[in-house]
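Participant: Structure: start11.cif, mmCIF, N, CA and C atoms.
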```cif
data_data
#
loop_
_atom_site.label_atom_id
_atom_site.label_comp_id
_atom_site.auth_asym_id
_atom_site.auth_seq_id
_atom_site.Cartn_x
_atom_site.Cartn_y
_atom_site.Cartn_z
N MET U 1136 -15.16 -20.68 -41.39
CA MET U 1136 -14.77 -20.54 -39.99
C MET U 1136 -15.94 -19.94 -39.21
N ARG U 1137 -16.28 -20.55 -38.10
CA ARG U 1137 -17.42 -20.07 -37.31
C ARG U 1137 -17.02 -18.85 -36.47
N LYS U 1138 -18.03 -18.08 -36.12
CA LYS U 1138 -17.80 -16.89 -35.30
C LYS U 1138 -17.49 -17.32 -33.86
N LYS U 1139 -16.54 -16.64 -33.23
CA LYS U 1139 -16.16 -16.96 -31.86
C LYS U 1139 -17.22 -16.47 -30.87
N ASN U 1140 -17.53 -17.31 -29.90
CA ASN U 1140 -18.47 -16.90 -28.85
C ASN U 1140 -17.70 -16.56 -27.58
N LEU U 1141 -18.40 -16.23 -26.53
CA LEU U 1141 -17.77 -15.81 -25.28
C LEU U 1141 -16.85 -16.90 -24.71
N MET U 1142 -17.28 -18.15 -24.79
CA MET U 1142 -16.44 -19.24 -24.26
C MET U 1142 -15.13 -19.34 -25.04
N ASP U 1143 -15.19 -19.14 -26.35
CA ASP U 1143 -13.97 -19.15 -27.16
C ASP U 1143 -13.01 -18.06 -26.69
N TRP U 1144 -13.54 -16.88 -26.47
CA TRP U 1144 -12.70 -15.75 -26.06
C TRP U 1144 -12.11 -15.97 -24.67
N VAL U 1145 -12.90 -16.54 -23.76
CA VAL U 1145 -12.38 -16.83 -22.41
C VAL U 1145 -11.27 -17.87 -22.49
N ALA U 1146 -11.47 -18.92 -23.30
CA ALA U 1146 -10.43 -19.95 -23.46
C ALA U 1146 -9.16 -19.34 -24.05
N LEU U 1147 -9.30 -18.46 -25.04
CA LEU U 1147 -8.13 -17.79 -25.61
C LEU U 1147 -7.43 -16.92 -24.57
N ALA U 1148 -8.21 -16.21 -23.75
CA ALA U 1148 -7.62 -15.37 -22.70
C ALA U 1148 -6.86 -16.23 -21.70
N ILE U 1149 -7.42 -17.37 -21.32
CA ILE U 1149 -6.72 -18.27 -20.38
C ILE U 1149 -5.41 -18.74 -20.99
N ALA U 1150 -5.41 -19.07 -22.27
CA ALA U 1150 -4.18 -19.51 -22.93
C ALA U 1150 -3.13 -18.41 -22.91
N VAL U 1151 -3.52 -17.18 -23.24
CA VAL U 1151 -2.57 -16.06 -23.26
C VAL U 1151 -2.06 -15.76 -21.86
N ILE U 1152 -2.95 -15.75 -20.88
CA ILE U 1152 -2.54 -15.50 -19.49
C ILE U 1152 -1.57 -16.58 -19.03
N THR U 1153 -1.80 -17.82 -19.42
CA THR U 1153 -0.91 -18.93 -19.04
C THR U 1153 0.47 -18.73 -19.64
N ILE U 1154 0.52 -18.36 -20.90
CA ILE U 1154 1.82 -18.10 -21.55
C ILE U 1154 2.54 -16.97 -20.83
N LEU U 1155 1.85 -15.85 -20.64
CA LEU U 1155 2.48 -14.67 -20.05
C LEU U 1155 2.90 -14.90 -18.60
N SER U 1156 2.08 -15.61 -17.84
CA SER U 1156 2.45 -15.85 -16.44
C SER U 1156 3.67 -16.77 -16.35
N GLY U 1157 3.73 -17.78 -17.21
CA GLY U 1157 4.90 -18.65 -17.22
C GLY U 1157 6.16 -17.89 -17.59
N LEU U 1158 6.07 -17.04 -18.62
CA LEU U 1158 7.23 -16.25 -19.02
C LEU U 1158 7.63 -15.24 -17.95
N ALA U 1159 6.64 -14.60 -17.31
CA ALA U 1159 6.94 -13.63 -16.25
C ALA U 1159 7.64 -14.32 -15.08
N GLN U 1160 7.22 -15.53 -14.76
CA GLN U 1160 7.85 -16.28 -13.67
C GLN U 1160 9.29 -16.65 -14.02
N ILE U 1161 9.56 -16.88 -15.28
CA ILE U 1161 10.93 -17.17 -15.71
C ILE U 1161 11.79 -15.93 -15.55
N VAL U 1162 11.28 -14.80 -16.02
CA VAL U 1162 12.05 -13.55 -15.97
C VAL U 1162 12.24 -13.07 -14.54
N ALA U 1163 11.19 -13.15 -13.73
CA ALA U 1163 11.24 -12.61 -12.36
C ALA U 1163 11.25 -13.74 -11.33
N HIS U 1164 11.96 -14.82 -11.62
CA HIS U 1164 11.92 -15.99 -10.75
C HIS U 1164 12.34 -15.69 -9.32
N ARG U 1165 13.35 -14.87 -9.13
CA ARG U 1165 13.80 -14.59 -7.76
C ARG U 1165 12.74 -13.83 -6.97
N ALA U 1166 12.10 -12.87 -7.60
CA ALA U 1166 11.05 -12.11 -6.92
C ALA U 1166 9.86 -13.01 -6.57
N VAL U 1167 9.47 -13.87 -7.50
CA VAL U 1167 8.34 -14.76 -7.25
C VAL U 1167 8.69 -15.76 -6.15
N LEU U 1168 9.87 -16.35 -6.22
CA LEU U 1168 10.28 -17.29 -5.17
C LEU U 1168 10.33 -16.60 -3.81
N SER U 1169 10.75 -15.36 -3.79
CA SER U 1169 10.78 -14.60 -2.55
C SER U 1169 9.36 -14.38 -2.02
N MET U 1170 8.43 -14.01 -2.91
CA MET U 1170 7.03 -13.83 -2.50
C MET U 1170 6.42 -15.13 -1.98
N LEU U 1171 6.86 -16.24 -2.56
CA LEU U 1171 6.37 -17.54 -2.12
C LEU U 1171 7.05 -18.02 -0.85
N GLN U 1172 8.01 -17.24 -0.37
CA GLN U 1172 8.76 -17.54 0.84
C GLN U 1172 9.52 -18.87 0.72
N VAL U 1173 10.12 -19.05 -0.46
CA VAL U 1173 10.91 -20.25 -0.74
C VAL U 1173 12.38 -19.88 -0.61
N THR U 1174 13.17 -20.76 -0.02
CA THR U 1174 14.61 -20.55 0.06
C THR U 1174 15.17 -20.54 -1.36
N ILE U 1175 15.87 -19.47 -1.69
CA ILE U 1175 16.42 -19.34 -3.03
C ILE U 1175 17.79 -20.01 -3.07
N SER U 1176 17.86 -21.05 -3.90
CA SER U 1176 19.12 -21.78 -4.12
C SER U 1176 19.19 -22.09 -5.61
N PRO U 1177 20.35 -22.50 -6.08
CA PRO U 1177 20.43 -22.87 -7.51
C PRO U 1177 19.41 -23.96 -7.88
N GLU U 1178 19.15 -24.87 -6.95
CA GLU U 1178 18.21 -25.96 -7.23
C GLU U 1178 16.78 -25.46 -7.33
N THR U 1179 16.36 -24.61 -6.37
CA THR U 1179 14.97 -24.12 -6.43
C THR U 1179 14.77 -23.20 -7.63
N VAL U 1180 15.77 -22.39 -7.94
CA VAL U 1180 15.66 -21.51 -9.11
C VAL U 1180 15.53 -22.35 -10.38
N TYR U 1181 16.38 -23.35 -10.52
CA TYR U 1181 16.35 -24.20 -11.71
C TYR U 1181 14.99 -24.89 -11.86
N LEU U 1182 14.51 -25.52 -10.78
CA LEU U 1182 13.24 -26.23 -10.85
C LEU U 1182 12.08 -25.28 -11.12
N PHE U 1183 12.11 -24.12 -10.51
CA PHE U 1183 11.04 -23.14 -10.73
C PHE U 1183 11.02 -22.67 -12.18
N ILE U 1184 12.18 -22.43 -12.75
CA ILE U 1184 12.25 -22.01 -14.15
C ILE U 1184 11.74 -23.12 -15.07
N VAL U 1185 12.11 -24.37 -14.79
CA VAL U 1185 11.64 -25.49 -15.61
C VAL U 1185 10.12 -25.62 -15.52
N ILE U 1186 9.57 -25.52 -14.33
CA ILE U 1186 8.11 -25.61 -14.15
C ILE U 1186 7.43 -24.44 -14.86
N SER U 1187 8.00 -23.24 -14.74
CA SER U 1187 7.43 -22.07 -15.40
C SER U 1187 7.48 -22.20 -16.92
N LEU U 1188 8.56 -22.78 -17.43
CA LEU U 1188 8.68 -23.02 -18.87
C LEU U 1188 7.58 -23.97 -19.34
N HIS U 1189 7.35 -25.03 -18.57
CA HIS U 1189 6.30 -25.98 -18.95
C HIS U 1189 4.92 -25.33 -18.88
N THR U 1190 4.70 -24.48 -17.90
CA THR U 1190 3.44 -23.75 -17.83
C THR U 1190 3.23 -22.93 -19.10
N SER U 1191 4.25 -22.20 -19.49
CA SER U 1191 4.18 -21.37 -20.68
C SER U 1191 3.96 -22.22 -21.94
N LEU U 1192 4.62 -23.36 -22.01
CA LEU U 1192 4.46 -24.24 -23.17
C LEU U 1192 3.05 -24.82 -23.26
N PHE U 1193 2.47 -25.19 -22.13
CA PHE U 1193 1.08 -25.67 -22.15
C PHE U 1193 0.14 -24.56 -22.60
N GLY U 1194 0.39 -23.34 -22.16
CA GLY U 1194 -0.41 -22.21 -22.62
C GLY U 1194 -0.28 -22.00 -24.11
N ALA U 1195 0.95 -22.12 -24.63
CA ALA U 1195 1.19 -21.94 -26.06
C ALA U 1195 0.51 -23.06 -26.86
N ALA U 1196 0.58 -24.28 -26.36
CA ALA U 1196 -0.09 -25.39 -27.04
C ALA U 1196 -1.60 -25.18 -27.06
N LEU U 1197 -2.16 -24.72 -25.94
CA LEU U 1197 -3.59 -24.43 -25.88
C LEU U 1197 -3.96 -23.33 -26.87
N LEU U 1198 -3.19 -22.27 -26.89
CA LEU U 1198 -3.47 -21.18 -27.82
C LEU U 1198 -3.42 -21.68 -29.26
N HIS U 1199 -2.40 -22.44 -29.58
CA HIS U 1199 -2.26 -22.99 -30.93
C HIS U 1199 -3.46 -23.86 -31.28
N ALA U 1200 -3.87 -24.73 -30.36
CA ALA U 1200 -5.01 -25.62 -30.60
C ALA U 1200 -6.30 -24.84 -30.82
N LEU U 1201 -6.45 -23.73 -30.12
CA LEU U 1201 -7.67 -22.93 -30.24
C LEU U 1201 -7.71 -22.12 -31.52
N LEU U 1202 -6.55 -21.77 -32.05
CA LEU U 1202 -6.50 -20.91 -33.23
C LEU U 1202 -6.55 -21.68 -34.55
N LEU U 1203 -6.32 -22.98 -34.50
CA LEU U 1203 -6.37 -23.78 -35.72
C LEU U 1203 -7.81 -23.85 -36.25
N ARG U 1204 -7.92 -23.91 -37.55
CA ARG U 1204 -9.24 -24.01 -38.17
C ARG U 1204 -9.97 -25.26 -37.65
N GLN U 1205 -9.26 -26.37 -37.62
CA GLN U 1205 -9.82 -27.59 -37.06
C GLN U 1205 -9.17 -27.79 -35.69
N ARG U 1206 -9.91 -27.52 -34.64
CA ARG U 1206 -9.36 -27.55 -33.29
C ARG U 1206 -8.75 -28.90 -32.95
N GLN U 1207 -7.70 -28.85 -32.18
CA GLN U 1207 -7.03 -30.04 -31.68
C GLN U 1207 -7.54 -30.27 -30.25
N THR U 1208 -8.67 -30.96 -30.14
CA THR U 1208 -9.34 -31.08 -28.85
C THR U 1208 -8.52 -31.85 -27.81
N VAL U 1209 -7.67 -32.76 -28.25
CA VAL U 1209 -6.86 -33.51 -27.28
C VAL U 1209 -5.91 -32.56 -26.54
N ILE U 1210 -5.42 -31.54 -27.21
CA ILE U 1210 -4.54 -30.56 -26.56
C ILE U 1210 -5.34 -29.74 -25.55
N VAL U 1211 -6.57 -29.40 -25.90
CA VAL U 1211 -7.44 -28.66 -24.97
C VAL U 1211 -7.66 -29.50 -23.71
N PHE U 1212 -7.92 -30.78 -23.89
CA PHE U 1212 -8.11 -31.68 -22.74
C PHE U 1212 -6.88 -31.68 -21.84
N TRP U 1213 -5.69 -31.91 -22.41
CA TRP U 1213 -4.48 -32.02 -21.60
C TRP U 1213 -4.09 -30.68 -20.97
N ALA U 1214 -4.42 -29.58 -21.61
CA ALA U 1214 -4.18 -28.27 -21.00
C ALA U 1214 -5.06 -28.11 -19.75
N SER U 1215 -6.30 -28.61 -19.82
CA SER U 1215 -7.17 -28.53 -18.64
C SER U 1215 -6.62 -29.38 -17.50
N VAL U 1216 -6.11 -30.56 -17.84
CA VAL U 1216 -5.51 -31.44 -16.82
C VAL U 1216 -4.31 -30.76 -16.19
N GLN U 1217 -3.45 -30.14 -17.01
CA GLN U 1217 -2.26 -29.45 -16.48
C GLN U 1217 -2.65 -28.35 -15.50
N LYS U 1218 -3.69 -27.58 -15.84
CA LYS U 1218 -4.12 -26.49 -14.96
C LYS U 1218 -4.61 -27.04 -13.61
N VAL U 1219 -5.42 -28.07 -13.65
CA VAL U 1219 -5.98 -28.62 -12.40
C VAL U 1219 -4.90 -29.28 -11.56
N ILE U 1220 -4.02 -30.07 -12.18
CA ILE U 1220 -2.95 -30.72 -11.43
C ILE U 1220 -1.95 -29.70 -10.88
N GLY U 1221 -1.65 -28.68 -11.67
CA GLY U 1221 -0.77 -27.60 -11.19
C GLY U 1221 -1.37 -26.91 -9.98
N ALA U 1222 -2.67 -26.65 -10.05
CA ALA U 1222 -3.36 -26.01 -8.92
C ALA U 1222 -3.31 -26.91 -7.69
N ALA U 1223 -3.52 -28.20 -7.87
CA ALA U 1223 -3.48 -29.14 -6.75
C ALA U 1223 -2.09 -29.18 -6.11
N ALA U 1224 -1.06 -29.13 -6.94
CA ALA U 1224 0.31 -29.15 -6.42
C ALA U 1224 0.59 -27.89 -5.59
N VAL U 1225 0.17 -26.74 -6.07
CA VAL U 1225 0.39 -25.49 -5.33
C VAL U 1225 -0.44 -25.51 -4.05
N PHE U 1226 -1.67 -25.98 -4.14
CA PHE U 1226 -2.55 -26.06 -2.98
C PHE U 1226 -1.91 -26.93 -1.89
N GLY U 1227 -1.42 -28.10 -2.30
CA GLY U 1227 -0.77 -29.00 -1.34
C GLY U 1227 0.48 -28.39 -0.73
N ALA U 1228 1.27 -27.71 -1.56
CA ALA U 1228 2.50 -27.08 -1.05
C ALA U 1228 2.17 -25.97 -0.06
N ALA U 1229 1.13 -25.19 -0.35
CA ALA U 1229 0.75 -24.10 0.56
C ALA U 1229 0.20 -24.66 1.88
N LEU U 1230 -0.62 -25.67 1.80
CA LEU U 1230 -1.20 -26.24 3.02
C LEU U 1230 -0.16 -26.94 3.88
N ASN U 1231 0.90 -27.42 3.28
CA ASN U 1231 1.97 -28.09 4.03
C ASN U 1231 3.10 -27.15 4.42
N GLY U 1232 2.91 -25.85 4.20
CA GLY U 1232 3.90 -24.87 4.63
C GLY U 1232 5.16 -24.82 3.78
N ILE U 1233 5.13 -25.42 2.61
CA ILE U 1233 6.30 -25.40 1.73
C ILE U 1233 6.43 -24.05 1.03
N ILE U 1234 5.29 -23.46 0.69
CA ILE U 1234 5.26 -22.12 0.08
C ILE U 1234 4.23 -21.28 0.83
N ALA U 1235 4.24 -19.98 0.59
CA ALA U 1235 3.34 -19.06 1.28
C ALA U 1235 1.88 -19.35 0.91
N ARG U 1236 1.01 -19.13 1.86
CA ARG U 1236 -0.42 -19.35 1.61
C ARG U 1236 -1.00 -18.37 0.59
N SER U 1237 -0.33 -17.27 0.37
CA SER U 1237 -0.79 -16.33 -0.66
C SER U 1237 -0.81 -16.98 -2.04
N ALA U 1238 -0.06 -18.06 -2.22
CA ALA U 1238 -0.05 -18.79 -3.50
C ALA U 1238 -1.40 -19.45 -3.77
N LEU U 1239 -2.24 -19.55 -2.73
CA LEU U 1239 -3.56 -20.14 -2.93
C LEU U 1239 -4.41 -19.32 -3.89
N LEU U 1240 -4.15 -18.03 -4.00
CA LEU U 1240 -4.88 -17.20 -4.97
C LEU U 1240 -4.58 -17.67 -6.40
N ALA U 1241 -3.32 -17.87 -6.70
CA ALA U 1241 -2.94 -18.36 -8.03
C ALA U 1241 -3.47 -19.78 -8.25
N ALA U 1242 -3.40 -20.60 -7.21
CA ALA U 1242 -3.91 -21.97 -7.33
C ALA U 1242 -5.41 -21.96 -7.60
N GLY U 1243 -6.12 -21.06 -6.93
CA GLY U 1243 -7.57 -20.95 -7.15
C GLY U 1243 -7.88 -20.55 -8.58
N TYR U 1244 -7.13 -19.58 -9.10
CA TYR U 1244 -7.33 -19.17 -10.49
C TYR U 1244 -7.05 -20.35 -11.43
N ASP U 1245 -5.92 -21.03 -11.23
CA ASP U 1245 -5.56 -22.15 -12.11
C ASP U 1245 -6.60 -23.27 -12.04
N PHE U 1246 -7.11 -23.54 -10.84
CA PHE U 1246 -8.13 -24.57 -10.71
C PHE U 1246 -9.38 -24.20 -11.49
N LEU U 1247 -9.85 -22.96 -11.30
CA LEU U 1247 -11.06 -22.52 -12.02
C LEU U 1247 -10.82 -22.48 -13.53
N ALA U 1248 -9.63 -22.03 -13.93
CA ALA U 1248 -9.30 -22.01 -15.36
C ALA U 1248 -9.28 -23.43 -15.91
N GLY U 1249 -8.72 -24.36 -15.16
CA GLY U 1249 -8.68 -25.75 -15.60
C GLY U 1249 -10.07 -26.36 -15.73
N ILE U 1250 -10.93 -26.06 -14.77
CA ILE U 1250 -12.31 -26.56 -14.83
C ILE U 1250 -13.03 -25.94 -16.02
N PHE U 1251 -12.81 -24.65 -16.25
CA PHE U 1251 -13.43 -23.99 -17.41
C PHE U 1251 -12.96 -24.65 -18.71
N ILE U 1252 -11.64 -24.84 -18.85
CA ILE U 1252 -11.09 -25.43 -20.08
C ILE U 1252 -11.60 -26.86 -20.24
N PHE U 1253 -11.75 -27.60 -19.15
CA PHE U 1253 -12.30 -28.96 -19.23
C PHE U 1253 -13.74 -28.90 -19.73
N GLY U 1254 -14.54 -27.99 -19.18
CA GLY U 1254 -15.91 -27.82 -19.65
C GLY U 1254 -15.97 -27.40 -21.11
N TYR U 1255 -15.07 -26.54 -21.50
CA TYR U 1255 -14.97 -26.10 -22.89
C TYR U 1255 -14.63 -27.29 -23.78
N TRP U 1256 -13.71 -28.14 -23.33
CA TRP U 1256 -13.35 -29.34 -24.08
C TRP U 1256 -14.57 -30.24 -24.28
N ILE U 1257 -15.37 -30.41 -23.23
CA ILE U 1257 -16.57 -31.24 -23.34
C ILE U 1257 -17.49 -30.71 -24.44
N ILE U 1258 -17.60 -29.40 -24.54
CA ILE U 1258 -18.48 -28.79 -25.54
C ILE U 1258 -17.93 -28.93 -26.96
N ILE U 1259 -16.62 -28.78 -27.13
CA ILE U 1259 -16.06 -28.74 -28.49
C ILE U 1259 -15.57 -30.08 -29.01
N ARG U 1260 -15.46 -31.08 -28.15
CA ARG U 1260 -14.93 -32.36 -28.62
C ARG U 1260 -15.86 -32.98 -29.64
N ASP U 1261 -15.29 -33.86 -30.43
CA ASP U 1261 -16.08 -34.49 -31.52
C ASP U 1261 -17.05 -35.51 -31.02
#
```
The structure given in the file should be rewritten as structure tokens.
Facilitator:
Amino acid sequence: MRKKNLMDWVALAIAVITILSGLAQIVAHRAVLSMLQVTISPETVYLFIVISLHTSLFGAALLHALLLRQRQTVIVFWASVQKVIGAAAVFGAALNGIIARSALLAAGYDFLAGIFIFGYWIIIRD
């Protein structure tokens, strides 16, 4: 097993942060929806929890792929796509007044994390 470098540790941190943020959004969905200035209804709560669950699952898949002795690079690729597309969706929603513009901070982080993971994938792919 090779020694982990800084990029490995950053990718692992992104995976863990993705898992934790998805789980936190599930637990505190009403508070987060309120901060996003979204009307809280059974439908928005349900959809937000489902999206947050998928976020957490992509983070868990990324973490799993990074921890395996033989990396699963296809999972790393799709995790990067999920981060960038998720960021684009939040960016579009904020610009169209669907959610608060403060969500752009999270979208910016997700976009940069997705670009980093994509670059990491380019380096580690076979």
Participant: So what does the PyMOL selection byres ((chain U and resi 1192-1208) around 7) actually pick up in this one, as a ChimeraX atom specification?
Facilitator: /U:1136,1147,1149-1154,1157,1187-1191,1209-1214,1256,1259-1261
Participant: Using Å and a single decimal, report how far CA of Val1167 (chain U) sits from atom N of Ala1248 (chain U).
Facilitator: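 Straight-line distance from atom N of Ala1248 (chain U) to CA of Val1167 (chain U) works out to 20.5 Å.
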Participant: Would you compute the distance between atom C of Ser1215 (chain U) and CA of Leu1247 (chain U)? Give it in Å to one decimal.
Facilitator: 9.8 Å
Participant: Would you kindly identify which residues have an atom no farther than 10 Å from (-16.7, -24.8, -24.2), using only C-alpha atoms and the file's own coordinates, and write them out as a PyMOL selection string?
Facilitator: chain U and resi 1140-1143+1145-1146+1251-1260
Participant: So what does the PyMOL selection byres ((chain U and resi 1220-1234) around 8) actually pick up in this one, as number ranges by chain?
Facilitator: U: 1170-1174, 1214-1219, 1235-1239, 1241-1247, 1249
Participant: Write out, as a short mmCIF file (atom, residue, chain, number, x, y, z; two decimals), in the coordinates of the input, the residues just selected, with N, CA and C atoms.
Facilitator:
```
data_model
loop_
_atom_site.label_atom_id
_atom_site.label_comp_id
_atom_site.auth_asym_id
_atom_site.auth_seq_id
_atom_site.Cartn_x
_atom_site.Cartn_y
_atom_site.Cartn_z
N MET U 1170 8.43 -14.01 -2.91
CA MET U 1170 7.03 -13.83 -2.50
C MET U 1170 6.42 -15.13 -1.98
N LEU U 1171 6.86 -16.24 -2.56
CA LEU U 1171 6.37 -17.54 -2.12
C LEU U 1171 7.05 -18.02 -0.85
N GLN U 1172 8.01 -17.24 -0.37
CA GLN U 1172 8.76 -17.54 0.84
C GLN U 1172 9.52 -18.87 0.72
N VAL U 1173 10.12 -19.05 -0.46
CA VAL U 1173 10.91 -20.25 -0.74
C VAL U 1173 12.38 -19.88 -0.61
N THR U 1174 13.17 -20.76 -0.02
CA THR U 1174 14.61 -20.55 0.06
C THR U 1174 15.17 -20.54 -1.36
N ALA U 1214 -4.42 -29.58 -21.61
CA ALA U 1214 -4.18 -28.27 -21.00
C ALA U 1214 -5.06 -28.11 -19.75
N SER U 1215 -6.30 -28.61 -19.82
CA SER U 1215 -7.17 -28.53 -18.64
C SER U 1215 -6.62 -29.38 -17.50
N VAL U 1216 -6.11 -30.56 -17.84
CA VAL U 1216 -5.51 -31.44 -16.82
C VAL U 1216 -4.31 -30.76 -16.19
N GLN U 1217 -3.45 -30.14 -17.01
CA GLN U 1217 -2.26 -29.45 -16.48
C GLN U 1217 -2.65 -28.35 -15.50
N LYS U 1218 -3.69 -27.58 -15.84
CA LYS U 1218 -4.12 -26.49 -14.96
C LYS U 1218 -4.61 -27.04 -13.61
N VAL U 1219 -5.42 -28.07 -13.65
CA VAL U 1219 -5.98 -28.62 -12.40
C VAL U 1219 -4.90 -29.28 -11.56
N ALA U 1235 4.24 -19.98 0.59
CA ALA U 1235 3.34 -19.06 1.28
C ALA U 1235 1.88 -19.35 0.91
N ARG U 1236 1.01 -19.13 1.86
CA ARG U 1236 -0.42 -19.35 1.61
C ARG U 1236 -1.00 -18.37 0.59
N SER U 1237 -0.33 -17.27 0.37
CA SER U 1237 -0.79 -16.33 -0.66
C SER U 1237 -0.81 -16.98 -2.04
N ALA U 1238 -0.06 -18.06 -2.22
CA ALA U 1238 -0.05 -18.79 -3.50
C ALA U 1238 -1.40 -19.45 -3.77
N LEU U 1239 -2.24 -19.55 -2.73
CA LEU U 1239 -3.56 -20.14 -2.93
C LEU U 1239 -4.41 -19.32 -3.89
N ALA U 1241 -3.32 -17.87 -6.70
CA ALA U 1241 -2.94 -18.36 -8.03
C ALA U 1241 -3.47 -19.78 -8.25
N ALA U 1242 -3.40 -20.60 -7.21
CA ALA U 1242 -3.91 -21.97 -7.33
C ALA U 1242 -5.41 -21.96 -7.60
N GLY U 1243 -6.12 -21.06 -6.93
CA GLY U 1243 -7.57 -20.95 -7.15
C GLY U 1243 -7.88 -20.55 -8.58
N TYR U 1244 -7.13 -19.58 -9.10
CA TYR U 1244 -7.33 -19.17 -10.49
C TYR U 1244 -7.05 -20.35 -11.43
N ASP U 1245 -5.92 -21.03 -11.23
CA ASP U 1245 -5.56 -22.15 -12.11
C ASP U 1245 -6.60 -23.27 -12.04
N PHE U 1246 -7.11 -23.54 -10.84
CA PHE U 1246 -8.13 -24.57 -10.71
C PHE U 1246 -9.38 -24.20 -11.49
N LEU U 1247 -9.85 -22.96 -11.30
CA LEU U 1247 -11.06 -22.52 -12.02
C LEU U 1247 -10.82 -22.48 -13.53
N GLY U 1249 -8.72 -24.36 -15.16
CA GLY U 1249 -8.68 -25.75 -15.60
C GLY U 1249 -10.07 -26.36 -15.73
#
```
Participant: Using Å and a single decimal, report how far CA of His1164 (chain U) sits from CA of Ile1184 (chain U).
Facilitator: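 According to the coordinates, CA of Ile1184 (chain U) and CA of His1164 (chain U) are separated by 6.9 Å.
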Participant: Which residue gives the smallest distance to Tyr1181 (chain U) among U:Leu1155, U:Ile1250, U:Ile1161, U:Ala1166, with only C-alpha atoms counted?
Facilitator: U:Ile1161
Participant: As a PyMOL selection string, please: all residues of chain U that backbone DSSP puts in alpha helix (DSSP H).
Facilitator: chain U and resi 1141-1162+1164-1170+1177-1202+1208-1230+1238-1259
Participant: I'd like the contact shell of Leu1168 (chain U) - 9 Å cut-off, only C-alpha atoms, skipping same-chain residues fewer than 6 positions apart - returned as a VMD selection string.
Facilitator: chain U and resid 1160 1174 to 1175 1179 to 1180 1183 1234
Participant: Any chance you could export the current selection's N, CA and C atoms as a PDB file, keeping the file's coordinate frame?
Facilitator:
```
ATOM      1  N   GLN U1160       7.220 -15.530 -14.760  1.00  0.00           N
ATOM      2  CA  GLN U1160       7.850 -16.280 -13.670  1.00  0.00           C
ATOM      3  C   GLN U1160       9.290 -16.650 -14.020  1.00  0.00           C
ATOM      4  N   THR U1174      13.170 -20.760  -0.020  1.00  0.00           N
ATOM      5  CA  THR U1174      14.610 -20.550   0.060  1.00  0.00           C
ATOM      6  C   THR U1174      15.170 -20.540  -1.360  1.00  0.00           C
ATOM      7  N   ILE U1175      15.870 -19.470  -1.690  1.00  0.00           N
ATOM      8  CA  ILE U1175      16.420 -19.340  -3.030  1.00  0.00           C
ATOM      9  C   ILE U1175      17.790 -20.010  -3.070  1.00  0.00           C
ATOM     10  N   THR U1179      16.360 -24.610  -6.370  1.00  0.00           N
ATOM     11  CA  THR U1179      14.970 -24.120  -6.430  1.00  0.00           C
ATOM     12  C   THR U1179      14.770 -23.200  -7.630  1.00  0.00           C
ATOM     13  N   VAL U1180      15.770 -22.390  -7.940  1.00  0.00           N
ATOM     14  CA  VAL U1180      15.660 -21.510  -9.110  1.00  0.00           C
ATOM     15  C   VAL U1180      15.530 -22.350 -10.380  1.00  0.00           C
ATOM     16  N   PHE U1183      12.110 -24.120 -10.510  1.00  0.00           N
ATOM     17  CA  PHE U1183      11.040 -23.140 -10.730  1.00  0.00           C
ATOM     18  C   PHE U1183      11.020 -22.670 -12.180  1.00  0.00           C
ATOM     19  N   ILE U1234       5.290 -23.460   0.690  1.00  0.00           N
ATOM     20  CA  ILE U1234       5.260 -22.120   0.080  1.00  0.00           C
ATOM     21  C   ILE U1234       4.230 -21.280   0.830  1.00  0.00           C
TER      22      ILE U1234
END
```
Participant: Taking the block just given, write region 1175-1207 of chain U to a file that holds C-alpha atoms, as a compact mmCIF listing (two decimals), in the first residue's frame.
Facilitator:
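Final output, out08.txt:
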```txt
# COMPACT_ATOMS: atom_id res chain seq x y z
CA ILE U 1175 -41.63 24.19 4.66
CA SER U 1176 -44.22 21.65 3.54
CA PRO U 1177 -44.36 17.86 3.63
CA GLU U 1178 -43.27 17.86 -0.02
CA THR U 1179 -40.23 20.12 0.42
CA VAL U 1180 -39.16 18.28 3.57
CA TYR U 1181 -39.45 14.91 1.82
CA LEU U 1182 -37.52 16.03 -1.27
CA PHE U 1183 -34.84 17.75 0.80
CA ILE U 1184 -34.32 14.63 2.91
CA VAL U 1185 -34.08 12.44 -0.22
CA ILE U 1186 -31.54 14.81 -1.81
CA SER U 1187 -29.56 14.95 1.45
CA LEU U 1188 -29.58 11.15 1.66
CA HIS U 1189 -28.18 10.92 -1.86
CA THR U 1190 -25.51 13.47 -0.99
CA SER U 1191 -24.47 11.39 1.99
CA LEU U 1192 -24.49 8.19 -0.07
CA PHE U 1193 -22.23 9.71 -2.74
CA GLY U 1194 -19.86 10.79 0.02
CA ALA U 1195 -19.89 7.27 1.48
CA ALA U 1196 -19.24 5.74 -1.94
CA LEU U 1197 -16.34 8.15 -2.48
CA LEU U 1198 -14.88 7.34 0.93
CA HIS U 1199 -15.22 3.61 0.28
CA ALA U 1200 -13.55 3.96 -3.15
CA LEU U 1201 -10.65 5.91 -1.66
CA LEU U 1202 -10.05 3.46 1.18
CA LEU U 1203 -9.91 0.31 -0.94
CA ARG U 1204 -6.48 -1.09 -1.66
CA GLN U 1205 -7.29 -1.00 -5.36
CA ARG U 1206 -9.14 2.28 -5.90
CA GLN U 1207 -12.45 2.27 -7.70
```
